[in-house]
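A.B. asks: Compact mmCIF, C-alpha atoms, saved as start.txt, coming up:
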```txt
# COMPACT_ATOMS: atom_id res chain seq x y z
CA MET A 108 -16.84 -73.04 -129.94
CA PRO A 109 -19.80 -71.22 -131.44
CA ALA A 110 -19.12 -68.86 -134.32
CA ASP A 111 -20.35 -65.79 -132.40
CA ASP A 112 -17.69 -65.96 -129.63
CA THR A 113 -15.79 -62.76 -129.10
CA ASP A 114 -12.02 -62.48 -129.15
CA ALA A 115 -11.95 -62.04 -125.38
CA GLU A 116 -13.87 -65.28 -124.84
CA ARG A 117 -11.53 -67.14 -127.23
CA SER A 118 -8.51 -65.73 -125.40
CA GLU A 119 -9.99 -66.70 -122.05
CA HIS A 120 -10.66 -70.22 -123.34
CA ALA A 121 -7.05 -70.51 -124.61
CA GLU A 122 -5.67 -69.39 -121.24
CA ASP A 123 -7.96 -71.82 -119.43
CA SER A 124 -6.83 -74.76 -121.59
CA GLY A 125 -3.21 -73.73 -121.00
CA HIS A 126 -3.77 -73.83 -117.22
CA ARG A 127 -5.33 -77.29 -117.58
CA LYS A 128 -2.27 -78.51 -119.51
CA HIS A 129 0.01 -77.22 -116.72
CA ALA A 130 -2.14 -78.94 -114.11
CA GLU A 131 -2.13 -82.21 -116.08
CA HIS A 132 1.64 -81.99 -116.37
CA ARG A 133 2.04 -81.45 -112.61
CA GLU A 134 -0.18 -84.44 -111.86
CA HIS A 135 1.93 -86.79 -113.97
CA ALA A 136 5.34 -85.27 -113.16
CA GLY A 137 6.28 -88.25 -111.00
CA HIS A 138 5.83 -90.82 -113.79
CA PRO A 139 7.54 -89.93 -117.09
CA GLU A 140 5.96 -92.86 -118.92
CA ASP A 141 2.46 -91.54 -118.10
CA ILE A 142 3.04 -88.16 -119.77
CA THR A 143 1.06 -87.46 -122.92
CA VAL A 144 2.63 -84.66 -124.90
CA ARG A 145 0.38 -82.78 -127.32
CA ASP A 146 2.45 -79.66 -127.94
CA PRO A 147 6.06 -79.17 -129.06
CA VAL A 148 8.34 -79.18 -126.03
CA SER A 149 11.99 -78.75 -125.35
CA ALA A 150 14.31 -81.66 -124.67
CA PRO A 151 13.44 -83.84 -121.67
CA ASP A 152 15.27 -83.49 -118.36
CA ALA A 153 17.29 -86.27 -116.69
CA GLU A 154 14.12 -88.13 -115.61
CA GLY A 155 12.59 -87.95 -119.08
CA ARG A 156 10.02 -85.25 -118.27
CA PRO A 157 9.62 -82.36 -120.68
CA ARG A 158 11.18 -79.18 -119.33
CA ARG A 159 8.70 -76.77 -120.88
CA ILE A 160 5.19 -77.42 -122.02
CA THR A 161 4.79 -74.09 -123.77
CA ARG A 162 6.44 -72.58 -126.81
CA ARG A 163 6.64 -69.15 -125.18
CA PHE A 164 10.04 -67.91 -124.11
CA PRO A 165 10.57 -67.78 -120.35
CA LEU A 166 10.16 -64.43 -118.63
CA PHE A 167 13.68 -64.60 -117.16
CA THR A 168 16.68 -66.15 -118.89
CA ARG A 169 18.49 -68.48 -116.54
CA ASP A 170 21.16 -69.81 -118.87
CA THR A 171 22.83 -69.04 -122.18
CA ALA A 172 23.77 -71.42 -124.93
CA ARG A 173 27.45 -72.08 -125.43
CA PRO A 174 28.61 -70.93 -128.89
CA GLU A 175 29.32 -73.66 -131.41
CA GLY A 176 32.90 -74.80 -130.89
CA GLY A 177 32.93 -73.37 -127.37
CA GLY A 178 33.89 -76.68 -125.79
CA ARG A 179 37.32 -77.47 -124.38
CA ALA A 180 40.20 -77.33 -126.82
CA ALA A 181 41.94 -80.19 -124.98
CA ALA A 182 40.72 -83.16 -122.95
CA GLY A 183 38.95 -82.52 -119.65
CA ASP A 184 41.75 -84.11 -117.61
CA ALA A 185 44.31 -81.62 -119.00
CA PRO A 186 45.22 -78.63 -116.80
CA ALA A 187 43.15 -75.46 -117.29
CA PRO A 188 45.71 -73.53 -119.39
CA ALA A 189 46.10 -76.46 -121.79
CA ARG A 190 42.32 -76.64 -122.26
CA GLN A 191 42.23 -73.01 -123.36
CA TRP A 192 45.38 -72.88 -125.50
CA PRO A 193 43.78 -71.10 -128.51
CA ILE A 194 42.73 -68.01 -126.54
CA LEU A 195 46.03 -68.04 -124.63
CA LEU A 196 47.95 -68.09 -127.92
CA VAL A 197 46.01 -65.13 -129.33
CA VAL A 198 46.15 -63.11 -126.10
CA GLY A 199 49.87 -63.88 -125.72
CA LEU A 200 50.60 -62.63 -129.25
CA VAL A 201 48.54 -59.47 -128.64
CA GLY A 202 50.39 -58.90 -125.35
CA LEU A 203 53.74 -59.28 -127.08
CA GLY A 204 52.59 -56.85 -129.79
CA LEU A 205 51.55 -54.32 -127.14
CA LEU A 206 54.92 -54.72 -125.43
CA LEU A 207 56.74 -54.10 -128.72
CA THR A 208 54.58 -51.03 -129.33
CA ALA A 209 55.38 -49.73 -125.84
CA LEU A 210 59.10 -50.28 -126.50
CA ASP A 211 58.83 -47.94 -129.51
CA VAL A 212 58.77 -50.63 -132.18
CA PHE A 213 55.38 -49.40 -133.33
CA ARG A 214 55.10 -50.98 -136.78
CA TYR A 215 56.16 -54.48 -135.72
CA GLY A 216 54.03 -54.36 -132.60
CA THR A 217 50.85 -53.43 -134.45
CA LEU A 218 51.62 -55.97 -137.18
CA LEU A 219 51.86 -58.62 -134.49
CA ILE A 220 48.53 -57.55 -132.97
CA GLY A 221 46.80 -57.76 -136.37
CA THR A 222 48.47 -61.08 -137.09
CA ALA A 223 47.27 -62.42 -133.73
CA LEU A 224 43.67 -61.62 -134.69
CA LEU A 225 44.17 -63.31 -138.07
CA VAL A 226 45.56 -66.36 -136.25
CA GLY A 227 42.44 -66.31 -134.06
CA ALA A 228 40.24 -66.28 -137.18
CA ALA A 229 42.20 -69.19 -138.67
CA LEU A 230 41.96 -71.21 -135.44
CA ARG A 231 38.23 -70.55 -135.25
CA TRP A 232 37.84 -71.75 -138.83
CA VAL A 233 40.02 -74.87 -138.63
CA LEU A 234 39.48 -76.25 -135.13
CA PRO A 235 36.17 -77.79 -134.05
CA ASP A 236 36.59 -76.69 -130.40
CA VAL A 237 38.50 -73.54 -129.48
CA GLY A 238 37.35 -72.98 -125.90
CA MET A 239 36.93 -69.37 -124.87
CA LEU A 240 38.00 -68.10 -128.29
CA ALA A 241 34.45 -68.95 -129.39
CA VAL A 242 32.34 -65.94 -128.45
CA ARG A 243 29.58 -65.85 -131.05
CA SER A 244 28.69 -68.08 -133.97
CA ARG A 245 31.60 -69.47 -135.99
CA PHE A 246 30.81 -67.20 -138.99
CA THR A 247 30.58 -64.06 -136.85
CA ASP A 248 33.80 -64.84 -134.98
CA ILE A 249 35.76 -65.55 -138.17
CA THR A 250 34.42 -62.40 -139.84
CA THR A 251 35.09 -60.19 -136.81
CA TYR A 252 38.60 -61.49 -136.13
CA GLY A 253 39.47 -61.45 -139.84
CA VAL A 254 38.23 -57.92 -140.62
CA LEU A 255 39.79 -56.40 -137.50
CA GLY A 256 43.08 -58.27 -137.99
CA LEU A 257 43.34 -57.36 -141.67
CA SER A 258 42.49 -53.71 -140.93
CA ILE A 259 45.18 -53.46 -138.24
CA VAL A 260 47.79 -55.11 -140.49
CA LEU A 261 46.98 -52.78 -143.41
CA LEU A 262 47.03 -49.69 -141.17
CA ALA A 263 50.37 -50.75 -139.68
CA MET A 264 51.82 -51.16 -143.16
CA MET A 265 50.55 -47.72 -144.26
CA ALA A 266 51.71 -45.89 -141.11
CA GLN A 267 54.05 -42.93 -141.51
CA PRO A 268 57.01 -42.38 -141.75
CA LYS A 269 58.20 -44.49 -144.67
CA PRO A 270 55.08 -46.61 -145.24
CA TRP A 271 55.61 -50.16 -146.50
CA LEU A 272 52.36 -50.00 -148.45
CA GLU A 273 51.18 -47.01 -150.48
CA ILE A 274 47.74 -46.94 -152.02
CA PRO A 275 47.66 -44.09 -154.57
CA PHE A 276 43.92 -43.44 -154.64
CA LEU A 277 43.85 -42.93 -150.86
CA LYS A 278 46.38 -40.08 -151.15
CA ASP A 279 44.34 -38.44 -153.92
CA THR A 280 41.15 -38.88 -151.89
CA LEU A 281 42.73 -37.26 -148.86
CA HIS A 282 43.99 -34.27 -150.88
CA PHE A 283 40.57 -33.87 -152.54
CA THR A 284 38.65 -33.90 -149.24
CA VAL A 285 41.06 -31.62 -147.32
CA SER A 286 41.49 -28.92 -149.98
```
Re-express the file's structure as structure tokens.
C.D. replies:
Amino acid sequence: MPADDTDAERSEHAEDSGHRKHAEHREHAGHPEDITVRDPVSAPDAEGRPRRITRRFPLFTRDTARPEGGGRAAAGDAPAPARQWPILLVVGLVGLGLLLTALDVFRYGTLLIGTALLVGAALRWVLPDVGMLAVRSRFTDITTYGVLGLSIVLLAMMAQPKPWLEIPFLKDTLHFTVS
């Protein structure tokens, strides 16, 4: 291109070359071995053709990536509940904790709920595949489950009346801020 081209002409030229690349790709779509790839592309499809010939993100998202460790926790031939045992264990413990809380055993119920979240964090850390327990990245899941579980356990231990855990500076802080 000459040095005196304007930005609009350069942009138009780039768009035009992009359209040519799309047209070339459509011409050779039937024969994967005839494709010449000049730009970075995503992984090839089942026939070996590149799925995208542009680095731009698609306008509409059609699929989401499964989080790392989001595969089945048991073999594919196992029944559905067995494949998702980690999430069922955590949800079952939380349900039992809620039942205990409803039956007026507040401290033990909330301790069980916090412990269930800590168990979820431990499972997410130790197991390579945890099924539906994997929601985000491994680090984010472990951090979220761990912080929430530890917070609930500590709050349950400090609950009134007769707290099992007393932190002196919290009492002084409360008296200082209220008075």
A.B. asks: Around the point (49.1, -56.1, -137.1), in the coordinates given by the file, pick out the residues reaching within 7 Å, counting all atoms listed in the file, and return them as a list in words.
C.D. replies: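 Returned residue set, sorted by chain then number, is Gly216, Thr217, Leu218, Leu219, Ile220, Gly221, Thr222, Gly256, Ile259, Val260 and Ala263 of chain A.
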A.B. asks: With C-alpha atoms retained, could you export that selection as a compact mmCIF listing (two decimals), in the frame of the given file?
C.D. replies:
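Final output, saved to again.txt:
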```
# COMPACT_ATOMS: atom_id res chain seq x y z
CA GLY A 216 54.03 -54.36 -132.60
CA THR A 217 50.85 -53.43 -134.45
CA LEU A 218 51.62 -55.97 -137.18
CA LEU A 219 51.86 -58.62 -134.49
CA ILE A 220 48.53 -57.55 -132.97
CA GLY A 221 46.80 -57.76 -136.37
CA THR A 222 48.47 -61.08 -137.09
CA GLY A 256 43.08 -58.27 -137.99
CA ILE A 259 45.18 -53.46 -138.24
CA VAL A 260 47.79 -55.11 -140.49
CA ALA A 263 50.37 -50.75 -139.68
```
A.B. asks: Between A:Leu234, A:Val198, A:Ala229, A:Met239, which residue has the minimum interatomic distance to Thr251 in chain A, considering only C-alpha atoms?
C.D. replies: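 Among the listed residues, the smallest separation from Thr251 in chain A belongs to A:Ala229.
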A.B. asks: Could you tell me which of A:Ser258, A:Gly183, A:Gly227, A:Arg214 comes closest to Pro270 in chain A if we count only C-alpha atoms?
C.D. replies: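 Nearest candidate to Pro270 in chain A out of A:Ser258, A:Gly183, A:Gly227, A:Arg214: A:Arg214.
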A.B. asks: Closest to Asp236 in chain A among A:Glu154, A:Glu273, A:Leu205, A:Arg190, using all atoms listed in the file?
C.D. replies: A:Arg190
A.B. asks: If you measure from CA of Gly238 in chain A to CA of Trp192 in chain A, what distance in Å do you get, rounded to one decimal?
C.D. replies: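 One can read the CA of Gly238 in chain A to CA of Trp192 in chain A distance as 8.0 Å.
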A.B. asks: So how far away is CA of Leu230 in chain A from CA of Asp184 in chain A, in Å?
C.D. replies: 22.0 Å
A.B. asks: Between CA of Gly204 in chain A and CA of Leu277 in chain A, measure the distance and give it in Å to one decimal.
C.D. replies: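 Here the two named atoms are 26.7 Å from each other.
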A.B. asks: Which residue out of A:Met264, A:Leu257, A:Ala209, A:Leu240 has the minimum interatomic distance to Pro193 in chain A when all atoms listed in the file are used?
C.D. replies: A:Leu240
A.B. asks: Pick from A:Asp248, A:Val242, A:Val197, A:Gly202: nearest to Leu224 in chain A, with all atoms listed in the file counted?
C.D. replies: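 Once distances to Leu224 in chain A are computed over all atoms listed in the file, the minimum belongs to A:Val197.
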A.B. asks: Using the file's own x, y and z axes, so that the box edges lie along x, y and z, what centre and edge lengths in Å (one decimal) does a box around every listed atom of range 258-262 of chain A get when 4 Å is added on each side? Give it as lines of an AutoDock Vina configuration file.
C.D. replies:
```
center_x = 45.1
center_y = -52.4
center_z = -140.8
size_x = 13.3
size_y = 13.4
size_z = 13.2
```
A.B. asks: Using all atoms listed in the file, which of the listed residues (A:Tyr215, A:Arg231, A:Ser244, A:Thr250) sits closest to Leu262 in chain A?
C.D. replies: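 Using all atoms listed in the file, Leu262 in chain A sits closest to A:Tyr215.
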